>>> print(open('target-v8.txt').read())   # compact mmCIF, C-alpha atoms and all ligand atoms
# COMPACT_ATOMS: atom_id res chain seq x y z
CA MET L 24 39.27 -11.60 -58.57
CA PRO L 25 42.60 -13.41 -58.37
CA ALA L 26 43.45 -15.20 -55.14
CA PHE L 27 45.76 -13.16 -52.93
CA PRO L 28 48.56 -13.53 -52.07
CA LEU L 29 49.57 -13.99 -55.71
CA ARG L 30 51.80 -16.97 -56.28
CA PRO L 31 55.25 -16.53 -57.83
CA GLY L 32 54.77 -17.02 -61.57
CA SER L 33 51.71 -14.72 -61.55
CA THR L 34 51.67 -11.84 -64.01
CA ILE L 35 51.86 -8.14 -63.14
CA GLY L 36 50.44 -5.76 -65.76
CA ILE L 37 51.95 -2.28 -65.86
CA LEU L 38 50.36 0.72 -67.59
CA GLY L 39 53.29 2.87 -68.71
CA GLY L 40 56.76 1.85 -69.80
CA GLY L 41 59.05 4.61 -68.56
CA GLN L 42 61.84 4.19 -66.03
CA LEU L 43 59.38 3.48 -63.21
CA GLY L 44 57.87 0.61 -65.21
CA ARG L 45 61.38 -0.61 -65.93
CA MET L 46 62.38 -0.73 -62.27
CA LEU L 47 59.04 -2.35 -61.35
CA ALA L 48 59.63 -5.02 -64.01
CA LEU L 49 63.17 -5.64 -62.72
CA ALA L 50 61.88 -6.05 -59.16
CA ALA L 51 59.07 -8.30 -60.41
CA ALA L 52 61.56 -10.57 -62.17
CA ARG L 53 63.53 -10.92 -58.94
CA LEU L 54 60.39 -12.00 -57.08
CA GLY L 55 59.49 -14.56 -59.74
CA PHE L 56 56.63 -12.63 -61.37
CA GLU L 57 55.96 -12.28 -65.10
CA THR L 58 55.33 -8.78 -66.47
CA VAL L 59 53.30 -7.23 -69.29
CA VAL L 60 53.84 -3.54 -70.04
CA LEU L 61 51.48 -1.36 -72.10
CA GLU L 62 53.39 1.64 -73.47
CA PRO L 63 52.53 3.55 -76.63
CA ARG L 64 55.95 5.14 -77.24
CA ALA L 65 58.57 3.27 -79.23
CA ASP L 66 61.51 4.31 -77.00
CA SER L 67 60.44 2.49 -73.84
CA GLY L 68 62.89 1.59 -71.10
CA GLY L 69 60.11 -0.30 -69.34
CA GLY L 70 59.03 -2.22 -72.42
CA GLN L 71 62.59 -3.54 -72.84
CA THR L 72 62.63 -5.19 -69.42
CA ALA L 73 59.09 -6.64 -69.49
CA GLY L 74 58.31 -10.22 -70.47
CA LEU L 75 55.75 -8.86 -72.94
CA TRP L 76 55.59 -5.30 -74.25
CA LEU L 77 52.32 -4.21 -75.81
CA ASN L 78 53.41 -1.27 -77.96
CA ALA L 79 49.94 0.23 -78.45
CA ALA L 80 47.83 3.22 -77.41
CA TYR L 81 46.48 3.16 -73.84
CA ASP L 82 42.92 2.92 -75.16
CA ASP L 83 43.67 0.25 -77.78
CA ALA L 84 40.83 -2.24 -77.24
CA GLY L 85 42.85 -5.28 -78.33
CA ALA L 86 45.83 -4.39 -76.14
CA LEU L 87 43.61 -3.81 -73.10
CA LYS L 88 41.92 -7.17 -73.65
CA THR L 89 45.31 -8.91 -73.87
CA LEU L 90 46.48 -7.09 -70.74
CA ALA L 91 43.33 -7.92 -68.77
CA GLU L 92 43.55 -11.58 -69.75
CA ALA L 93 47.28 -11.92 -69.08
CA ALA L 94 47.63 -9.97 -65.84
CA ASP L 95 46.61 -11.20 -62.39
CA VAL L 96 46.85 -7.62 -61.20
CA VAL L 97 47.34 -4.41 -63.19
CA THR L 98 49.11 -1.33 -61.83
CA PHE L 99 50.28 1.97 -63.30
CA GLU L 100 53.57 3.82 -63.26
CA PHE L 101 52.28 7.24 -64.22
CA GLU L 102 49.18 9.09 -63.16
CA ASN L 103 48.04 10.53 -66.47
CA VAL L 104 46.79 7.21 -67.78
CA PRO L 105 43.22 8.08 -68.84
CA ALA L 106 40.77 7.11 -66.08
CA SER L 107 38.61 5.46 -68.78
CA VAL L 108 41.41 2.93 -69.37
CA VAL L 109 41.22 1.75 -65.77
CA GLU L 110 37.42 1.54 -66.07
CA THR L 111 37.76 -0.56 -69.24
CA LEU L 112 40.22 -2.90 -67.54
CA VAL L 113 37.95 -3.32 -64.53
CA GLY L 114 35.04 -3.96 -66.91
CA LEU L 115 37.12 -6.71 -68.52
CA GLY L 116 37.50 -8.34 -65.12
CA ALA L 117 41.00 -7.08 -64.29
CA SER L 118 42.06 -6.28 -60.75
CA VAL L 119 43.66 -2.80 -60.73
CA ALA L 120 45.74 -1.45 -57.84
CA PRO L 121 45.89 1.26 -56.65
CA GLY L 122 42.32 1.81 -57.85
CA GLY L 123 40.66 4.35 -60.09
CA ARG L 124 39.81 6.66 -57.16
CA ALA L 125 43.48 7.36 -56.37
CA LEU L 126 44.14 7.98 -60.05
CA ALA L 127 41.18 10.36 -60.42
CA VAL L 128 42.12 12.35 -57.30
CA ALA L 129 45.74 12.74 -58.40
CA GLN L 130 44.79 13.82 -61.93
CA ASP L 131 43.05 17.03 -60.90
CA ARG L 132 44.80 19.47 -58.60
CA VAL L 133 41.57 20.97 -57.24
CA ASP L 134 40.06 17.54 -56.49
CA GLU L 135 43.41 16.50 -54.98
CA LYS L 136 43.63 19.43 -52.56
CA THR L 137 39.92 19.14 -51.70
CA PHE L 138 40.43 15.46 -50.93
CA LEU L 139 43.59 16.11 -48.90
CA ASN L 140 41.97 18.74 -46.71
CA GLY L 141 38.95 16.45 -46.29
CA CYS L 142 41.17 13.75 -44.78
CA ARG L 143 43.08 16.23 -42.58
CA ALA L 144 46.24 16.28 -44.67
CA PRO L 145 46.86 20.05 -44.76
CA THR L 146 47.77 21.97 -47.94
CA VAL L 147 48.28 25.59 -48.93
CA ARG L 148 45.08 27.57 -49.36
CA PHE L 149 43.78 27.56 -52.92
CA ALA L 150 41.02 28.64 -55.30
CA ALA L 151 39.61 26.96 -58.40
CA VAL L 152 40.07 29.04 -61.56
CA GLU L 153 37.93 29.10 -64.72
CA THR L 154 38.22 32.79 -65.64
CA THR L 155 40.47 35.81 -65.12
CA ALA L 156 37.88 37.06 -62.59
CA ASP L 157 38.51 33.92 -60.53
CA ILE L 158 42.22 34.77 -60.45
CA LEU L 159 41.47 38.32 -59.27
CA ALA L 160 39.17 37.01 -56.52
CA GLY L 161 41.75 34.36 -55.62
CA LEU L 162 44.50 36.98 -55.24
CA GLU L 163 42.27 38.88 -52.80
CA ALA L 164 41.84 35.77 -50.68
CA LEU L 165 45.31 34.26 -50.98
CA GLY L 166 47.59 37.28 -51.43
CA ALA L 167 50.17 37.88 -54.16
CA PRO L 168 52.24 36.45 -55.62
CA ALA L 169 50.30 33.23 -56.04
CA LEU L 170 51.00 30.19 -58.18
CA LEU L 171 48.67 29.36 -61.05
CA LYS L 172 48.78 25.72 -62.13
CA THR L 173 46.69 23.87 -64.68
CA ARG L 174 44.27 21.50 -62.95
CA ARG L 175 45.32 18.59 -65.13
CA GLU L 176 48.43 17.15 -66.78
CA GLY L 177 51.06 19.33 -65.14
CA TYR L 178 54.28 17.67 -64.03
CA ASP L 179 57.92 18.65 -63.46
CA GLY L 180 56.85 22.29 -63.13
CA LYS L 181 55.06 22.38 -66.52
CA GLY L 182 51.75 24.27 -66.82
CA GLN L 183 52.61 26.62 -63.94
CA THR L 184 53.17 30.33 -63.69
CA TRP L 185 53.44 32.88 -60.89
CA VAL L 186 50.82 35.63 -60.80
CA GLU L 187 52.62 38.70 -59.50
CA GLY L 188 49.50 40.75 -58.79
CA HIS L 189 46.18 41.96 -60.19
CA ALA L 190 47.82 43.57 -63.23
CA ASP L 191 49.36 40.24 -64.21
CA ALA L 192 46.17 38.13 -63.91
CA ALA L 193 45.06 38.15 -67.56
CA ASP L 194 48.60 37.56 -68.88
CA ALA L 195 49.17 34.73 -66.41
CA PHE L 196 45.95 33.05 -67.52
CA ALA L 197 47.10 33.37 -71.15
CA ARG L 198 50.48 31.82 -70.19
CA ILE L 199 48.69 28.60 -69.22
CA ASP L 200 46.49 28.77 -72.35
CA LYS L 201 43.41 29.68 -70.27
CA ALA L 202 43.13 26.10 -69.09
CA ALA L 203 41.03 25.22 -66.04
CA ALA L 204 43.41 25.86 -63.17
CA ILE L 205 44.11 26.16 -59.48
CA LEU L 206 45.51 29.27 -57.81
CA GLU L 207 47.68 28.39 -54.83
CA ALA L 208 48.87 30.60 -52.00
CA ARG L 209 52.66 30.83 -51.97
CA ALA L 210 54.17 28.34 -49.55
CA ASP L 211 57.16 29.96 -47.83
CA PHE L 212 58.70 26.60 -47.14
CA VAL L 213 62.11 26.05 -45.58
CA ARG L 214 62.59 22.67 -47.26
CA GLU L 215 60.91 20.29 -49.65
CA LEU L 216 60.53 16.78 -48.29
CA SER L 217 58.71 13.69 -49.43
CA VAL L 218 57.46 10.54 -47.85
CA ILE L 219 57.16 7.28 -49.74
CA ALA L 220 54.63 5.02 -48.08
CA ALA L 221 52.80 1.79 -48.81
CA ARG L 222 49.55 0.16 -47.81
CA GLY L 223 49.00 -3.56 -48.10
CA ARG L 224 45.80 -5.45 -48.91
CA ASP L 225 45.37 -6.09 -45.18
CA GLY L 226 45.43 -2.33 -44.45
CA GLU L 227 48.94 -2.29 -42.99
CA VAL L 228 50.79 0.99 -43.62
CA ALA L 229 54.57 1.42 -43.75
CA ALA L 230 56.38 4.69 -44.50
CA TYR L 231 60.05 5.07 -45.39
CA PRO L 232 62.12 7.75 -43.67
CA LEU L 233 61.69 11.16 -45.29
CA GLY L 234 63.71 12.35 -48.26
CA GLU L 235 64.89 15.94 -48.68
CA ASN L 236 64.40 17.09 -52.28
CA HIS L 237 66.15 19.71 -54.37
CA HIS L 238 64.66 20.82 -57.69
CA GLU L 239 66.24 22.66 -60.60
CA GLY L 240 64.06 24.15 -63.32
CA GLY L 241 61.02 22.38 -61.85
CA ILE L 242 62.68 18.94 -62.11
CA LEU L 243 63.90 16.86 -59.18
CA ARG L 244 67.67 17.06 -59.16
CA ARG L 245 68.72 15.42 -55.89
CA THR L 246 67.20 13.59 -52.94
CA HIS L 247 69.07 13.18 -49.69
CA ALA L 248 67.70 10.43 -47.45
CA PRO L 249 67.06 9.75 -44.68
CA ALA L 250 66.54 13.51 -44.25
CA GLN L 251 67.62 14.96 -40.92
CA VAL L 252 64.27 15.90 -39.38
CA THR L 253 62.87 16.33 -35.90
CA PRO L 254 60.80 13.48 -34.43
CA ALA L 255 57.75 15.78 -34.67
CA ILE L 256 58.21 16.18 -38.44
CA ALA L 257 58.73 12.44 -38.91
CA GLU L 258 55.57 11.78 -36.90
CA GLN L 259 53.51 14.27 -38.94
CA ALA L 260 54.64 12.64 -42.18
CA GLN L 261 53.60 9.22 -40.88
CA VAL L 262 50.20 10.52 -39.82
CA ILE L 263 49.63 12.28 -43.16
CA ALA L 264 50.62 9.17 -45.12
CA ALA L 265 48.32 6.94 -43.07
CA ARG L 266 45.38 9.33 -43.46
CA VAL L 267 45.81 9.62 -47.23
CA LEU L 268 46.30 5.90 -47.81
CA THR L 269 43.46 4.82 -45.56
CA SER L 270 41.01 7.40 -46.95
CA LEU L 271 41.69 6.15 -50.49
CA ASP L 272 41.50 2.49 -49.41
CA TYR L 273 44.80 2.41 -51.25
CA VAL L 274 46.86 -0.64 -52.16
CA GLY L 275 50.45 -0.03 -53.27
CA VAL L 276 53.16 2.61 -52.92
CA ILE L 277 52.39 6.34 -52.95
CA GLY L 278 54.71 9.35 -53.15
CA ILE L 279 53.65 12.37 -51.08
CA GLU L 280 55.48 15.66 -51.71
CA LEU L 281 55.65 17.92 -48.67
CA PHE L 282 56.61 21.46 -47.77
CA GLU L 283 58.30 21.93 -44.38
CA MET L 284 57.18 25.31 -43.08
CA ALA L 285 59.19 27.53 -40.73
CA ASP L 286 56.73 26.89 -37.89
CA GLY L 287 57.34 23.14 -38.08
CA ARG L 288 54.14 22.22 -39.95
CA LEU L 289 54.11 19.96 -42.97
CA LEU L 290 51.85 20.84 -45.91
CA VAL L 291 51.16 18.39 -48.72
CA ASN L 292 52.10 19.74 -52.15
CA GLU L 293 50.90 16.79 -54.16
CA ILE L 294 50.44 13.05 -54.17
CA ALA L 295 51.62 10.63 -56.84
CA PRO L 296 49.69 7.33 -56.81
CA ARG L 297 52.73 5.28 -57.80
CA VAL L 298 56.37 4.70 -57.07
CA HIS L 299 58.17 8.04 -57.06
CA ASN L 300 61.45 9.52 -58.23
CA SER L 301 62.24 10.78 -54.73
CA GLY L 302 62.07 7.16 -53.54
CA HIS L 303 64.85 5.90 -55.80
CA TRP L 304 67.27 6.13 -52.88
CA THR L 305 65.52 3.07 -51.39
CA LEU L 306 66.91 0.93 -54.24
CA ASP L 307 70.32 0.90 -52.58
CA GLY L 308 69.55 2.40 -49.17
CA CYS L 309 66.84 0.17 -47.70
CA GLU L 310 66.22 -3.45 -46.89
CA VAL L 311 63.24 -3.50 -49.26
CA ASP L 312 63.06 -0.83 -51.97
CA GLN L 313 59.93 1.01 -53.12
CA PHE L 314 59.54 -1.15 -56.26
CA GLU L 315 59.55 -4.43 -54.36
CA GLN L 316 57.30 -2.83 -51.75
CA HIS L 317 54.76 -1.83 -54.40
CA LEU L 318 54.74 -5.35 -55.81
CA ARG L 319 54.41 -6.86 -52.34
CA ALA L 320 51.41 -4.63 -51.65
CA ILE L 321 49.53 -5.23 -54.90
CA ALA L 322 50.30 -8.97 -54.79
CA GLY L 323 48.81 -9.22 -51.31
CA TRP L 324 52.17 -10.12 -49.78
CA PRO L 325 53.24 -8.76 -46.40
CA LEU L 326 54.93 -5.37 -46.64
CA GLY L 327 58.70 -5.50 -46.26
CA PRO L 328 60.83 -3.57 -43.77
CA VAL L 329 61.40 0.10 -44.58
CA THR L 330 64.57 0.27 -42.49
CA PRO L 331 67.38 2.37 -43.97
CA LEU L 332 70.77 0.71 -44.29
CA ALA L 333 72.72 3.67 -45.62
CA SER L 334 72.55 7.41 -46.08
CA VAL L 335 71.94 8.06 -49.76
CA GLU L 336 72.43 11.02 -52.06
CA MET L 337 70.32 10.32 -55.14
CA GLU L 338 71.23 12.41 -58.19
CA ASN L 339 69.08 12.36 -61.30
CA LEU L 340 70.90 12.20 -64.62
CA ILE L 341 68.92 14.63 -66.73
CA GLY L 342 69.51 15.01 -70.46
CA HIS L 343 73.21 15.05 -71.30
CA ASP L 344 74.23 14.41 -67.66
CA VAL L 345 74.19 10.81 -68.77
CA ASP L 346 77.24 11.49 -70.98
CA ARG L 347 79.22 11.46 -67.71
CA TRP L 348 78.69 7.70 -67.41
CA PRO L 349 82.38 6.75 -67.82
CA ALA L 350 83.31 8.81 -64.74
CA LEU L 351 80.25 7.68 -62.78
CA ILE L 352 80.86 3.97 -63.26
CA ALA L 353 84.38 4.51 -61.93
CA GLU L 354 83.12 5.96 -58.60
CA PRO L 355 83.27 3.21 -55.99
CA GLU L 356 80.48 4.58 -53.77
CA ALA L 357 78.09 5.29 -56.68
CA ARG L 358 75.36 2.85 -57.70
CA VAL L 359 74.47 3.53 -61.34
CA TRP L 360 70.92 3.15 -62.71
CA LEU L 361 70.44 3.83 -66.42
CA TYR L 362 67.03 3.70 -68.04
CA GLY L 363 67.78 2.35 -71.50
CA LYS L 364 66.35 5.38 -73.33
CA ALA L 365 67.78 5.62 -76.82
CA GLU L 366 67.29 9.35 -77.33
CA VAL L 367 68.91 11.94 -75.05
CA ARG L 368 66.75 15.07 -74.75
CA ASP L 369 67.11 18.12 -72.52
CA GLY L 370 65.02 17.63 -69.38
CA ARG L 371 64.60 13.89 -70.00
CA LYS L 372 65.39 11.64 -67.04
CA MET L 373 68.05 9.25 -68.38
CA GLY L 374 69.17 7.58 -65.17
CA HIS L 375 70.15 8.23 -61.59
CA ILE L 376 73.05 7.65 -59.23
CA ASN L 377 72.78 6.59 -55.61
CA ARG L 378 75.85 7.58 -53.62
CA LEU L 379 76.03 5.67 -50.36
CA ARG L 380 77.52 6.71 -47.03
CA PRO L 381 77.22 5.14 -43.60
CA LEU L 382 73.98 6.11 -41.85
CA GLU L 383 74.09 9.43 -40.00
CA ARG L 384 73.12 8.68 -36.41
CA GLU L 385 71.62 11.46 -34.33
P1 LIG C 401 54.42 20.77 -58.50
O1 LIG C 401 54.35 20.59 -59.98
O2 LIG C 401 53.10 21.07 -57.86
O3 LIG C 401 55.12 19.62 -57.84
O4 LIG C 401 55.37 22.03 -58.23
C1 LIG C 401 56.69 22.06 -58.65
C2 LIG C 401 57.53 22.86 -57.69
O5 LIG C 401 57.06 24.20 -57.61
C3 LIG C 401 57.50 22.36 -56.25
O6 LIG C 401 58.44 21.32 -56.06
C4 LIG C 401 57.86 23.62 -55.48
O7 LIG C 401 59.26 23.87 -55.53
C5 LIG C 401 57.17 24.71 -56.27
N1 LIG C 401 55.82 24.98 -55.74
C6 LIG C 401 54.70 24.26 -56.02
N2 LIG C 401 53.64 24.77 -55.38
C7 LIG C 401 54.08 25.83 -54.67
C8 LIG C 401 53.45 26.79 -53.81
N3 LIG C 401 52.12 26.76 -53.56
N4 LIG C 401 54.22 27.74 -53.25
C9 LIG C 401 55.55 27.79 -53.50
N5 LIG C 401 56.19 26.95 -54.32
C10 LIG C 401 55.49 25.96 -54.90
>>> encode(input="target-v8.txt", output="C-alpha cells")
Amino acid sequence: MPAFPLRPGSTIGILGGGQLGRMLALAAARLGFETVVLEPRADSGGGQTAGLWLNAAYDDAGALKTLAEAADVVTFEFENVPASVVETLVGLGASVAPGGRALAVAQDRVDEKTFLNGCRAPTVRFAAVETTADILAGLEALGAPALLKTRREGYDGKGQTWVEGHADAADAFARIDKAAAILEARADFVRELSVIAARGRDGEVAAYPLGENHHEGGILRRTHAPAQVTPAIAEQAQVIAARVLTSLDYVGVIGIELFEMADGRLLVNEIAPRVHNSGHWTLDGCEVDQFEQHLRAIAGWPLGPVTPLASVEMENLIGHDVDRWPALIAEPEARVWLYGKAEVRDGRKMGHINRLRPLERE
C-alpha cells in the first residue's frame, strides 16, 4: 500500500484512454502527478496526454505488470473494464480506487438496482430477465410499456428496447439478441438530473449541485448546471449520494443519474463509478472540477470545494458537430474542450463546450 496522501510526483494509473482519461491526465499534470494510461485503441485522446501510454489489451499481462509497478494508485475512466483486470492489478500489489466492488455493481444492471434498493437509494421497479416468459411475468408486475435493457455493456441507450405489451415480448427479446436482461417499469419522469459526488479516503463526502440533462438519441446532448431545484430535491440527491458512496466504501468521484418524478421523489437510473459526462460543467463552473476532485480523493488529499462560480450550459460536440469549431472558438463566453480524436464518427463524443453565465440566484 502506498502512503497516503500521495506526494506530488507520484504516478496515477488510468485504465481507459478516452476523453475522461484525457481530462484526468490534464488535471493530474496540473497537480504535479505523473500518469500512465492503458488503452487498447490506437486513436486515444487520453493516451496522447499521458506521460506513458501503454497501447495494449486490458488483459495484457506485461502491460498490467508495468502499470502495477509504475502506478502508486490505479483508477478507471470507464466501467466496462473487465473485473478480472482489477483483480489482476490488486494481485500484483496495486492500489485500485474506486475498488472492484463499485465496478462489479455498475457492470450489471440487476446487481446495480438490487444494491441501490438495499442501501435505500430508490429506483424504478424491475425484474430480471432470462427468457421470454420472464418478460411476460415482468409485464404483469410492472405494467406496459416497460423498458428491456441488457444486464451488461449497455451505454448511451444501446442494448435497450421498449416492450409495448405481451404481443411484443418475443420480438423485443430478439431485438436485444436474447441477452440476459432487466425489465424496468417506465419512469414517468419530469426531468433527468444527475449528481456528481466524491468520497475521500477519510470518508468525507462532497456533492456538486445537480445538473439537468437532456438526451438526444440516447446520448447526452446538454447539461445545465446548477439545475434549478427545490431544497427538498437537492437534499434527496445529497442523501442518495452519501448512501451509495458509503455503502460501497467508495473512494473517488461517482456520477449518479436521477429521474425527478412529478411527486417530487428522485429515483436513481444508474451509477457510473467514475467521472461523468454530466459533470463536465464543473471544469469551468466550479472552484474544483470533477477531475481534480477524483484525483484528490484517490490520492488521499482533502476534497476540494464544490462551490459553483458560474451557471453553465454544457453542450456535447457529437460526431460532425465538431466541424463547427471555427465558430465556437470565436464565441467569447464559450470554453472549448476538444478530445484529440482523429476520426470523426456519428455518435462519437468529439468535444464539449461550456457556456458560462453569471450564477442564477434564487
Ligand atoms: P440508460 O442507458 O439506463 O442511462 O438509459 C438511457 C435513457 O433512457 C435515460 O437517460 C432515460 O432517458 C431513458 N430511460 C432509462 N430507463 C428508463 C425507464 N425505466 N423509464 C423511462 N425512461 C428510461
>>> residues_near_point(input="target-v8.txt", point="(37.8, 2.0, -67.2)", cutoff="12 Å", atoms="only C-alpha atoms", output="list in words")
Tyr81, Asp82, Ala84, Leu87, Lys88, Ala91, Val104, Pro105, Ala106, Ser107, Val108, Val109, Glu110, Thr111, Leu112, Val113, Gly114, Leu115, Gly116, Ala117, Ser118, Val119, Gly122, Gly123, Arg124, Leu126 and Ala127 of chain L
>>> write_last_selection(input="target-v8.txt", atoms="C-alpha atoms", output="compact mmCIF listing (two decimals), in the coordinates of the input")
# COMPACT_ATOMS: atom_id res chain seq x y z
CA TYR L 81 46.48 3.16 -73.84
CA ASP L 82 42.92 2.92 -75.16
CA ALA L 84 40.83 -2.24 -77.24
CA LEU L 87 43.61 -3.81 -73.10
CA LYS L 88 41.92 -7.17 -73.65
CA ALA L 91 43.33 -7.92 -68.77
CA VAL L 104 46.79 7.21 -67.78
CA PRO L 105 43.22 8.08 -68.84
CA ALA L 106 40.77 7.11 -66.08
CA SER L 107 38.61 5.46 -68.78
CA VAL L 108 41.41 2.93 -69.37
CA VAL L 109 41.22 1.75 -65.77
CA GLU L 110 37.42 1.54 -66.07
CA THR L 111 37.76 -0.56 -69.24
CA LEU L 112 40.22 -2.90 -67.54
CA VAL L 113 37.95 -3.32 -64.53
CA GLY L 114 35.04 -3.96 -66.91
CA LEU L 115 37.12 -6.71 -68.52
CA GLY L 116 37.50 -8.34 -65.12
CA ALA L 117 41.00 -7.08 -64.29
CA SER L 118 42.06 -6.28 -60.75
CA VAL L 119 43.66 -2.80 -60.73
CA GLY L 122 42.32 1.81 -57.85
CA GLY L 123 40.66 4.35 -60.09
CA ARG L 124 39.81 6.66 -57.16
CA LEU L 126 44.14 7.98 -60.05
CA ALA L 127 41.18 10.36 -60.42
>>> residues_near_ligand(input="target-v8.txt", ligand="ligand LIG 401 (chain C)", cutoff="10 Å", atoms="only C-alpha atoms and all ligand atoms", output="count of residues only")
49
>>> residues_around(input="target-v8.txt", residues="Trp304 in chain L", least_positions_apart="6", cutoff="12 Å", atoms="only C-alpha atoms", output="PyMOL selection string")
chain L and resi 217-219+231-236+245-250+298+310-314+329+331-339+357-360+375-380
>>> residues_around(input="target-v8.txt", residues="Ala264 in chain L", least_positions_apart="3", cutoff="10 Å", atoms="only C-alpha atoms", output="NGL selection string")
:L and (144 or 218-222 or 228-230 or 258-261 or 267-270 or 277-279 or 291 or 294)
>>> closest_residue(input="target-v8.txt", among="L:Pro63, L:Pro145, L:Pro25, L:Gly85", to="Gly39 in chain L", atoms="only C-alpha atoms")
L:Pro63
>>> atom_distance(input="target-v8.txt", atom1="CA of Gly374 in chain L", atom2="CA of Tyr362 in chain L")
5.3 Å
>>> atom_distance(input="target-v8.txt", atom1="CA of Gly55 in chain L", atom2="CA of Asp225 in chain L")
22.0 Å
>>> atom_distance(input="target-v8.txt", atom1="CA of Trp76 in chain L", atom2="CA of Glu62 in chain L")
7.3 Å
>>> closest_residue(input="target-v8.txt", among="L:Leu75, L:Ala203, L:Ala192, L:Val96", to="Gly275 in chain L", atoms="all atoms listed in the file")
L:Val96
>>> residues_around(input="target-v8.txt", residues="range 45-54 of chain L", least_positions_apart="2", cutoff="6 Å", atoms="all atoms listed in the file", output="list in words")
Gln42, Leu43, Phe56, Gly68, Gly69, Thr72, Ala73, Phe314 and Glu315 of chain L
>>> closest_residue(input="target-v8.txt", among="L:Ala202, L:Ala257, L:Leu162, L:Ile263", to="Gly141 in chain L", atoms="all atoms listed in the file")
L:Ile263
>>> closest_residue(input="target-v8.txt", among="L:Ala190, L:Pro296, L:Ala156, L:Ala285", to="Gln130 in chain L", atoms="all atoms listed in the file")
L:Pro296
>>> closest_residue(input="target-v8.txt", among="L:Arg266, L:Glu100, L:Gly342, L:Gly370", to="Asn140 in chain L", atoms="only C-alpha atoms")
L:Arg266
>>> residues_around(input="target-v8.txt", residues="Leu326 in chain L", least_positions_apart="6", cutoff="7 Å", atoms="only C-alpha atoms", output="list of chain:residue names")
L:Gly223, L:Gln316, L:Arg319, L:Ala320
>>> closest_residue(input="target-v8.txt", among="L:Ala195, L:Leu306, L:Ile35, L:Ala26", to="Ala94 in chain L", atoms="all atoms listed in the file")
L:Ile35
>>> axis_aligned_box(input="target-v8.txt", around="range 80-85 of chain L", padding_each_side="8 Å", output="JSON")
{"center_x": 44.3, "center_y": -1.0, "center_z": -76.1, "size_x": 23.0, "size_y": 24.5, "size_z": 20.5}
>>> decode(input="target-v8.txt", residues="range 237-249 of chain L", atoms="N, CA, C and O atoms", output="tab-separated table (two decimals), in the first residue's frame")
chain	number	residue	atom	x	y	z
L	237	HIS	N	-30.22	16.70	-20.82
L	237	HIS	CA	-31.08	16.49	-21.98
L	237	HIS	C	-30.37	15.54	-22.93
L	237	HIS	O	-29.22	15.77	-23.29
L	238	HIS	N	-31.09	14.46	-23.30
L	238	HIS	CA	-30.52	13.45	-24.19
L	238	HIS	C	-31.14	13.55	-25.57
L	238	HIS	O	-32.29	13.96	-25.71
L	239	GLU	N	-30.38	13.16	-26.57
L	239	GLU	CA	-30.92	13.01	-27.93
L	239	GLU	C	-30.41	11.69	-28.46
L	239	GLU	O	-29.20	11.43	-28.42
L	240	GLY	N	-31.33	10.85	-28.92
L	240	GLY	CA	-30.93	9.54	-29.45
L	240	GLY	C	-30.15	8.73	-28.42
L	240	GLY	O	-29.24	7.98	-28.78
L	241	GLY	N	-30.53	8.86	-27.14
L	241	GLY	CA	-29.87	8.08	-26.10
L	241	GLY	C	-28.53	8.63	-25.66
L	241	GLY	O	-27.89	8.06	-24.78
L	242	ILE	N	-28.07	9.73	-26.25
L	242	ILE	CA	-26.75	10.30	-25.91
L	242	ILE	C	-26.96	11.64	-25.23
L	242	ILE	O	-27.81	12.44	-25.64
L	243	LEU	N	-26.17	11.90	-24.19
L	243	LEU	CA	-26.27	13.19	-23.51
L	243	LEU	C	-25.93	14.30	-24.50
L	243	LEU	O	-24.89	14.28	-25.16
L	244	ARG	N	-26.82	15.26	-24.58
L	244	ARG	CA	-26.64	16.38	-25.51
L	244	ARG	C	-26.20	17.64	-24.76
L	244	ARG	O	-25.26	18.32	-25.16
L	245	ARG	N	-26.95	17.94	-23.67
L	245	ARG	CA	-26.68	19.17	-22.92
L	245	ARG	C	-26.88	18.94	-21.43
L	245	ARG	O	-27.79	18.19	-21.04
L	246	THR	N	-26.07	19.60	-20.64
L	246	THR	CA	-26.30	19.66	-19.19
L	246	THR	C	-26.37	21.12	-18.80
L	246	THR	O	-25.52	21.92	-19.22
L	247	HIS	N	-27.38	21.46	-18.02
L	247	HIS	CA	-27.48	22.81	-17.48
L	247	HIS	C	-27.25	22.72	-15.96
L	247	HIS	O	-27.92	21.93	-15.28
L	248	ALA	N	-26.27	23.47	-15.47
L	248	ALA	CA	-25.96	23.37	-14.04
L	248	ALA	C	-25.47	24.71	-13.52
L	248	ALA	O	-24.86	25.48	-14.25
L	249	PRO	N	-25.71	24.99	-12.23
L	249	PRO	CA	-26.56	24.24	-11.32
L	249	PRO	C	-28.03	24.24	-11.79
L	249	PRO	O	-28.53	25.28	-12.22
